[in-house]
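Below you'll find the structure, written out as structure tokens, and then a few comments.
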Amino acid sequence: MNAECFPISVVPGLSRIFLDYIDGAATLRSPDGAWFGGASPRDRSWQQTPTLHSSLHRDQLAQVLAAQNPAQAVLSSVIKIKDGANAVVTGQQVGVLGGPLFSAHKAATAVALASQASSAGHSHVPIFWLATEDHDFAEINHITFPARRSLSKLTYENAPPHAVPVGGLVLDDSITPLIDRAWELLGYSDAMEWLAAAYRPGQTLAAAFAEFYGNAFAEQGLLVLDAAGREVHQLGAPVLQAAIERADELHAALLERNEAIIAAGYHAQVAVADRGSLLFLIDEGTGARVALKRTQATAQEPGGLWHAGRQNFSTSDLLGILASQPERISPSALLRPAFQDQILPTSAYVGGPAEIAYFAQSAVLYERILRRLTPVLPRLSATLIEPSIAELIDRHELSFEITLNSNVESLAQRLAARAIPIAGKQRLASAGKVLDAELTALTEYMSTLDEGLGRSAKVSASKMRYQMNRLRRMAANFELQKEASLGRHAEAVINALHPQGALQERQIGAAYFLARYGGLVETLVAEAGDGCPGHKLIRL
């Protein structure tokens, strides 16, 4: 295997604040480095973070982790947490059939960084936080696996009647045909066995996701944590309490931070609504996750009111729910990092581009609630190149940048143009060069005669150049029709590297690669730990 490291800027669609954070510029633009704690992705001072939680807290956390991670292979990680180890934490929404490839990239990065921190002198454990309280079912109910030259999208259709936390959804018999299709596409392997065993009828989506990744990364000591239950919410209750009691203060601080981010030339990643809050309420009857909204204080209600759908609550009402049923109070995306680090002894958090971008907003909540700021580090960003695709890339001399900026049609045109015989290429190039030179000279001459005449000449010349390019396309299309394999090659490369216009890691399921390439976890961990600050191309 071999890998190449590209600047992260080759990846399309990344936010400016994330790109500047990777380069160190975002920290410079924020007052006293407050948006990211003055840290950079290459800073490793977090490895020496002192123990953050009490012995009692660690004992309670270890009990939860032990219950959720029964495998003997990770018992030592649970014991380390109990005995004072810190954690490198990452997380992701739970999804159907293991979710996208970048979930494995996150886990591998947490494992690599925890190992490096332990080697530096302070024991660390990798922990994968399962975002089970999110309620966007349509975002996580499908996954795509390669199917020869095409892509096969597998979708779990049984949507809940309400916007409920997806982690608690119980899989029914309709998961079985998806597993059967996965067997057809992935073939036999340990990873496929884990996938089939985890995603079975009667299993919750959270438990299935946890079981699959727990097995895949067991030898690396990765712990998984589903925080949706009462015991975990009790550990995180101080953050939820602060979000209730200091709601207006925290809302104002977020608005101020958003203004500072915008003033620095960036875009606030998470909108802060006028009457919004940092909390959701889980409806006791339906299980729906409903956004809590605030009203202004009045003489009758000096503490203001909270609305969840058609229900009204006072601050004392919510504090009562938090005390008796803490699992019903759910943190928003901006509050979740602070809630998470109230629970876990986190030295560093591993995030994707979007998470790091909105960390600049979440940081203000860390400062006001926890009085500290956890460093956030980028996960492994990588495209995996299977041997058959590597052969096509080499044969057609394709660069990664070319494939990222192509679709199937444009790449096929490029391959066909390259396949034109040498004599044809020379004639087209010679004609194009002569035409361009003569048209340039002619339009300049006509412009000296009359400005309007010059403008008309440029328009006509543009049409002639278009026709010259059309001749090139006609020649390429002839080669494309003659060599039908070129179109198939283009389709195979795009589907493998840039499927449906997105990075491979965001579209293709992790289970596909874990099933087909034994030892992949070790490879990902090694690549995640080698310090590449950009995007990696990894040949399998």
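Scheme for the structure tokens: letters A, B, ... for chains in order shown; per-chain residue numbers from 1; ligand numbers from 1 in order shown.
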
Per residue of segment 175-264 of chain A within 9 Å of segment 128-132 of chain A, record the nearest atom pair and its distance in Å to one decimal, counting only C-alpha atoms, with rows in chain order and ascending residue number, as JSON lines.
```
{"residue": "A:Leu205", "atom": "CA", "partner": "A:Thr132", "partner_atom": "CA", "distance": 8.5}
{"residue": "A:Ala206", "atom": "CA", "partner": "A:Thr132", "partner_atom": "CA", "distance": 6.2}
{"residue": "A:Phe209", "atom": "CA", "partner": "A:Leu130", "partner_atom": "CA", "distance": 8.4}
{"residue": "A:Ala210", "atom": "CA", "partner": "A:Leu130", "partner_atom": "CA", "distance": 7.6}
{"residue": "A:Tyr213", "atom": "CA", "partner": "A:Phe128", "partner_atom": "CA", "distance": 8.9}
{"residue": "A:Leu222", "atom": "CA", "partner": "A:Phe128", "partner_atom": "CA", "distance": 7.1}
{"residue": "A:Leu223", "atom": "CA", "partner": "A:Phe128", "partner_atom": "CA", "distance": 6.1}
{"residue": "A:Val224", "atom": "CA", "partner": "A:Phe128", "partner_atom": "CA", "distance": 4.6}
{"residue": "A:Leu225", "atom": "CA", "partner": "A:Trp129", "partner_atom": "CA", "distance": 5.1}
{"residue": "A:Asp226", "atom": "CA", "partner": "A:Leu130", "partner_atom": "CA", "distance": 5.1}
{"residue": "A:Ala227", "atom": "CA", "partner": "A:Leu130", "partner_atom": "CA", "distance": 7.1}
{"residue": "A:Ala228", "atom": "CA", "partner": "A:Thr132", "partner_atom": "CA", "distance": 6.5}
```

Got a sec: who's within 10 Å of Glu522 of chain A, counting only C-alpha atoms, leaving out chain neighbours fewer than 6 positions off, as a PDB file with N, CA and C atoms, in the first residue's frame?
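The resulting file, selection.pdb, is shown below:
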```
ATOM      1  N   ALA A 108     -10.570   5.749  13.369  1.00  0.00           N
ATOM      2  CA  ALA A 108      -9.135   5.492  13.194  1.00  0.00           C
ATOM      3  C   ALA A 108      -8.300   6.654  13.706  1.00  0.00           C
ATOM      4  N   VAL A 111      -8.189   6.605  17.509  1.00  0.00           N
ATOM      5  CA  VAL A 111      -7.284   5.536  17.951  1.00  0.00           C
ATOM      6  C   VAL A 111      -5.831   5.983  17.805  1.00  0.00           C
ATOM      7  N   ALA A 112      -5.486   6.555  16.664  1.00  0.00           N
ATOM      8  CA  ALA A 112      -4.103   6.960  16.411  1.00  0.00           C
ATOM      9  C   ALA A 112      -3.649   8.039  17.388  1.00  0.00           C
ATOM     10  N   PHE A 217     -13.278  -2.262  15.564  1.00  0.00           N
ATOM     11  CA  PHE A 217     -12.134  -1.590  16.203  1.00  0.00           C
ATOM     12  C   PHE A 217     -11.833  -2.134  17.595  1.00  0.00           C
ATOM     13  N   GLU A 219      -9.804  -4.529  18.559  1.00  0.00           N
ATOM     14  CA  GLU A 219      -8.379  -4.754  18.818  1.00  0.00           C
ATOM     15  C   GLU A 219      -7.630  -3.451  19.068  1.00  0.00           C
ATOM     16  N   GLN A 220      -8.205  -2.344  18.651  1.00  0.00           N
ATOM     17  CA  GLN A 220      -7.580  -1.036  18.879  1.00  0.00           C
ATOM     18  C   GLN A 220      -8.050  -0.396  20.189  1.00  0.00           C
ATOM     19  N   ALA A 528      -3.844   7.778   9.617  1.00  0.00           N
ATOM     20  CA  ALA A 528      -4.390   8.880  10.409  1.00  0.00           C
ATOM     21  C   ALA A 528      -3.343   9.475  11.340  1.00  0.00           C
TER      22      ALA A 528
END
```

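By only C-alpha atoms, and with residues fewer than 5 positions from His57 of chain A along its chain excluded, the set lying at most 9 Å from it is Ala62, Lys82, Leu235 and Ile343 of chain A.
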
Self-check item: For Arg328 of chain A, the nearest of the candidates A:Leu415, A:Val166, A:Val290, A:Val88, counting only C-alpha atoms
Solution: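 Checking each of A:Leu415, A:Val166, A:Val290, A:Val88 against Arg328 of chain A, counting only C-alpha atoms, the winner is A:Val290.
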
Practice problem: Mind the document's chain letters and residue numbers, and return as a PyMOL selection string the residues of segment 232-478 of chain A that DSSP labels strand (DSSP E or B). | Solution: chain A and resi 279-282+289-294+305-308+311-314+329-331+346-351+376-378+381-385

Write out the residues from the selection above, keeping N, CA, C and O atoms, as a CSV table (one decimal), in the first residue's frame.
```csv
chain,number,residue,atom,x,y,z
A,279,LEU,N,-31.6,23.6,23.5
A,279,LEU,CA,-32.2,22.3,24.1
A,279,LEU,C,-33.4,21.8,23.2
A,279,LEU,O,-34.1,22.6,22.6
A,280,PHE,N,-33.6,20.5,23.3
A,280,PHE,CA,-34.8,19.9,22.8
A,280,PHE,C,-35.4,19.1,24.0
A,280,PHE,O,-34.8,18.8,25.0
A,281,LEU,N,-36.7,18.9,23.9
A,281,LEU,CA,-37.5,18.1,24.9
A,281,LEU,C,-38.0,16.9,24.2
A,281,LEU,O,-38.6,16.9,23.1
A,282,ILE,N,-37.8,15.7,24.8
A,282,ILE,CA,-38.3,14.5,24.3
A,282,ILE,C,-39.7,14.3,24.9
A,282,ILE,O,-39.9,14.3,26.1
A,289,ARG,N,-38.8,14.4,19.4
A,289,ARG,CA,-37.8,15.4,19.9
A,289,ARG,C,-38.2,16.8,19.4
A,289,ARG,O,-38.1,17.0,18.2
A,290,VAL,N,-38.6,17.6,20.3
A,290,VAL,CA,-39.2,18.9,19.9
A,290,VAL,C,-38.3,20.0,20.4
A,290,VAL,O,-37.8,20.0,21.6
A,291,ALA,N,-38.0,21.0,19.6
A,291,ALA,CA,-37.2,22.1,19.9
A,291,ALA,C,-37.8,23.0,21.0
A,291,ALA,O,-39.0,23.3,20.9
A,292,LEU,N,-37.1,23.3,22.0
A,292,LEU,CA,-37.5,24.2,23.1
A,292,LEU,C,-37.2,25.7,22.7
A,292,LEU,O,-36.1,26.0,22.3
A,293,LYS,N,-38.3,26.5,22.7
A,293,LYS,CA,-38.1,27.9,22.4
A,293,LYS,C,-38.4,28.8,23.6
A,293,LYS,O,-39.2,28.4,24.4
A,294,ARG,N,-37.9,30.0,23.6
A,294,ARG,CA,-38.0,30.9,24.7
A,294,ARG,C,-38.9,32.0,24.4
A,294,ARG,O,-39.1,32.4,23.3
A,305,LEU,N,-40.9,32.0,29.6
A,305,LEU,CA,-41.5,30.7,29.4
A,305,LEU,C,-40.8,29.9,28.3
A,305,LEU,O,-40.0,30.5,27.6
A,306,TRP,N,-41.0,28.6,28.3
A,306,TRP,CA,-40.4,27.8,27.3
A,306,TRP,C,-41.6,27.1,26.6
A,306,TRP,O,-42.5,26.7,27.2
A,307,HIS,N,-41.4,27.0,25.2
A,307,HIS,CA,-42.4,26.3,24.4
A,307,HIS,C,-41.8,25.1,23.7
A,307,HIS,O,-40.7,25.2,23.2
A,308,ALA,N,-42.5,24.0,23.8
A,308,ALA,CA,-42.2,22.8,23.0
A,308,ALA,C,-43.4,22.4,22.3
A,308,ALA,O,-44.3,21.7,22.8
A,311,GLN,N,-46.9,22.9,24.0
A,311,GLN,CA,-46.8,22.8,25.4
A,311,GLN,C,-46.0,24.0,25.9
A,311,GLN,O,-45.0,24.4,25.3
A,312,ASN,N,-46.3,24.5,27.1
A,312,ASN,CA,-45.6,25.6,27.8
A,312,ASN,C,-45.0,25.1,29.1
A,312,ASN,O,-45.6,24.3,29.8
A,313,PHE,N,-43.8,25.5,29.3
A,313,PHE,CA,-43.1,25.1,30.6
A,313,PHE,C,-42.4,26.4,31.2
A,313,PHE,O,-41.9,27.3,30.5
A,314,SER,N,-42.4,26.4,32.5
A,314,SER,CA,-41.5,27.4,33.2
A,314,SER,C,-40.1,26.8,33.3
A,314,SER,O,-39.9,25.6,33.1
A,329,ILE,N,-34.2,15.8,28.4
A,329,ILE,CA,-33.6,17.0,28.0
A,329,ILE,C,-32.4,16.7,27.1
A,329,ILE,O,-31.5,16.1,27.5
A,330,SER,N,-32.5,17.2,25.8
A,330,SER,CA,-31.5,16.8,24.8
A,330,SER,C,-30.8,18.0,24.3
A,330,SER,O,-31.4,19.0,24.0
A,331,PRO,N,-29.5,18.0,24.2
A,331,PRO,CA,-28.7,19.1,23.8
A,331,PRO,C,-28.7,19.3,22.2
A,331,PRO,O,-28.8,18.4,21.5
A,346,THR,N,-12.2,14.4,28.3
A,346,THR,CA,-11.7,14.6,26.9
A,346,THR,C,-10.5,15.5,26.9
A,346,THR,O,-10.6,16.6,27.4
A,347,SER,N,-9.4,15.0,26.3
A,347,SER,CA,-8.3,15.9,26.0
A,347,SER,C,-8.3,16.6,24.7
A,347,SER,O,-7.9,17.7,24.5
A,348,ALA,N,-8.9,15.9,23.7
A,348,ALA,CA,-9.1,16.4,22.4
A,348,ALA,C,-10.3,15.8,21.7
A,348,ALA,O,-10.6,14.6,21.9
A,349,TYR,N,-10.9,16.5,20.8
A,349,TYR,CA,-12.0,16.0,20.0
A,349,TYR,C,-11.6,15.9,18.6
A,349,TYR,O,-11.1,16.9,18.0
A,350,VAL,N,-11.9,14.8,17.9
A,350,VAL,CA,-11.7,14.6,16.5
A,350,VAL,C,-12.9,14.9,15.7
A,350,VAL,O,-13.9,14.2,15.9
A,351,GLY,N,-12.9,15.9,14.8
A,351,GLY,CA,-14.1,16.3,14.1
A,351,GLY,C,-13.9,16.4,12.6
A,351,GLY,O,-12.8,16.4,12.1
A,376,VAL,N,-10.0,20.9,19.2
A,376,VAL,CA,-10.6,20.1,18.2
A,376,VAL,C,-9.6,19.9,17.1
A,376,VAL,O,-9.0,20.8,16.6
A,377,LEU,N,-9.5,18.6,16.6
A,377,LEU,CA,-8.5,18.2,15.7
A,377,LEU,C,-9.2,17.6,14.5
A,377,LEU,O,-10.3,16.9,14.6
A,378,PRO,N,-8.7,17.8,13.3
A,378,PRO,CA,-9.3,17.2,12.1
A,378,PRO,C,-9.1,15.7,12.0
A,378,PRO,O,-8.1,15.1,12.3
A,381,SER,N,-8.9,12.6,6.4
A,381,SER,CA,-9.6,12.8,5.2
A,381,SER,C,-8.9,12.0,4.1
A,381,SER,O,-7.8,12.3,3.8
A,382,ALA,N,-9.6,11.0,3.5
A,382,ALA,CA,-8.9,10.1,2.6
A,382,ALA,C,-9.9,9.5,1.6
A,382,ALA,O,-11.1,9.3,1.8
A,383,THR,N,-9.3,9.2,0.4
A,383,THR,CA,-10.0,8.5,-0.6
A,383,THR,C,-9.2,7.2,-0.8
A,383,THR,O,-8.0,7.2,-1.0
A,384,LEU,N,-9.9,6.1,-0.8
A,384,LEU,CA,-9.3,4.8,-0.9
A,384,LEU,C,-9.3,4.3,-2.4
A,384,LEU,O,-10.4,4.4,-3.0
A,385,ILE,N,-8.2,3.9,-2.9
A,385,ILE,CA,-8.1,3.5,-4.3
A,385,ILE,C,-8.0,2.0,-4.4
A,385,ILE,O,-6.9,1.4,-4.0
```

Quiz item: Smallest atom-to-atom distance to Ile22 of chain A: which of A:Met446, A:Ile8, A:Ala437, A:Ala390, using only C-alpha atoms?
Solution: A:Ile8

Quiz item: Closest to Gln92 of chain A among A:Phe145, A:Ala354, A:Ile79, A:Leu61, using only C-alpha atoms?
Solution: A:Ala354

Self-check item: Surrounding residues of His162 of chain A excluding itself and chain neighbours under 6 positions, 10 Å, only C-alpha atoms, as a PyMOL selection string
Solution: chain A and resi 135+137+286-290

Emit the selected residues as a PDB file, in the first residue's frame, including N, CA, C and O atoms.
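So part22.pdb came out as:
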```pdb
ATOM      1  N   HIS A 135     -32.473  13.569  15.173  1.00  0.00           N
ATOM      2  CA  HIS A 135     -33.782  13.082  14.726  1.00  0.00           C
ATOM      3  C   HIS A 135     -33.974  13.148  13.204  1.00  0.00           C
ATOM      4  O   HIS A 135     -35.093  12.961  12.719  1.00  0.00           O
ATOM      5  N   PHE A 137     -34.049  11.392  10.306  1.00  0.00           N
ATOM      6  CA  PHE A 137     -34.067  10.019   9.807  1.00  0.00           C
ATOM      7  C   PHE A 137     -33.626   9.940   8.351  1.00  0.00           C
ATOM      8  O   PHE A 137     -32.880   9.038   7.966  1.00  0.00           O
ATOM      9  N   THR A 286     -45.173  10.722  22.872  1.00  0.00           N
ATOM     10  CA  THR A 286     -44.860  10.256  21.512  1.00  0.00           C
ATOM     11  C   THR A 286     -43.391   9.903  21.313  1.00  0.00           C
ATOM     12  O   THR A 286     -43.039   9.241  20.339  1.00  0.00           O
ATOM     13  N   GLY A 287     -42.522  10.393  22.196  1.00  0.00           N
ATOM     14  CA  GLY A 287     -41.081  10.195  22.010  1.00  0.00           C
ATOM     15  C   GLY A 287     -40.464  11.163  21.025  1.00  0.00           C
ATOM     16  O   GLY A 287     -39.264  11.075  20.743  1.00  0.00           O
ATOM     17  N   ALA A 288     -41.276  12.098  20.483  1.00  0.00           N
ATOM     18  CA  ALA A 288     -40.762  13.062  19.508  1.00  0.00           C
ATOM     19  C   ALA A 288     -39.757  14.007  20.169  1.00  0.00           C
ATOM     20  O   ALA A 288     -39.877  14.356  21.347  1.00  0.00           O
ATOM     21  N   ARG A 289     -38.758  14.412  19.409  1.00  0.00           N
ATOM     22  CA  ARG A 289     -37.755  15.378  19.874  1.00  0.00           C
ATOM     23  C   ARG A 289     -38.170  16.755  19.369  1.00  0.00           C
ATOM     24  O   ARG A 289     -38.120  17.041  18.174  1.00  0.00           O
ATOM     25  N   VAL A 290     -38.594  17.611  20.286  1.00  0.00           N
ATOM     26  CA  VAL A 290     -39.197  18.897  19.942  1.00  0.00           C
ATOM     27  C   VAL A 290     -38.298  20.028  20.433  1.00  0.00           C
ATOM     28  O   VAL A 290     -37.845  20.024  21.586  1.00  0.00           O
TER      29      VAL A 290
END
```

Quiz item: What separation in Å, quoted to one decimal, exists between atom CA of Pro100 of chain A and atom CA of Glu355 of chain A?
Solution: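 Taking atom CA of Pro100 of chain A and atom CA of Glu355 of chain A, their separation equals 16.0 Å.
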
Self-check item: Point-to-point distance in Å for atom CA of Ser406 of chain A and atom CA of Arg516 of chain A
Solution: 26.7 Å

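Closest to Gly202 of chain A among A:Ile321, A:Val170, A:Ser189, A:Ile494 is A:Val170, based on only C-alpha atoms.
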
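One finds atom CA of Ala412 of chain A at 24.4 Å from atom CA of Leu540 of chain A.
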
Practice problem: Within 12 Å of Ile143 of chain A, counting only C-alpha atoms, which residues show up once you throw out same-chain ones fewer than 5 positions away? Write them as a list in words, please. | Solution: Val94, Gly95, Val96, Leu97, Gly98, Gly99, Pro100, Leu101, Ala138, Leu151, Ser152, Lys153, Leu154, Thr155, Tyr156, Glu157, Leu178, Ile179, Arg181, Ala182, Gln504, Glu505, Arg506, Gln507, Ile508, Gly509, Ala510, Ala511 and Tyr512 of chain A

Practice problem: Could you tell me which of A:Ser460, A:Thr374, A:Gln93, A:Ser174 comes closest to Gly37 of chain A if we count only C-alpha atoms? | Solution: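 Smallest distance to Gly37 of chain A is found for A:Thr374.
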
Practice problem: Can you list, as a PyMOL selection string, all residues belonging to segment 303-452 of chain A that DSSP tags as alpha helix (DSSP H)? | Solution: chain A and resi 315-324+336-343+353-365+387-395+400-404+408-419+422-449+451-452

Quiz prompt | Surrounding residues of Asn158 of chain A excluding itself and chain neighbours under 3 positions, 9 Å, only C-alpha atoms, as a ChimeraX atom specification | solution = /A:141,171-172,174

Exercise. Fewer than 5 positions away in the same chain doesn't count, so skip those; otherwise give me all residues within 10 Å of Gly121 of chain A, counting only C-alpha atoms, as a PyMOL selection string.
Key: chain A and resi 47-48+116
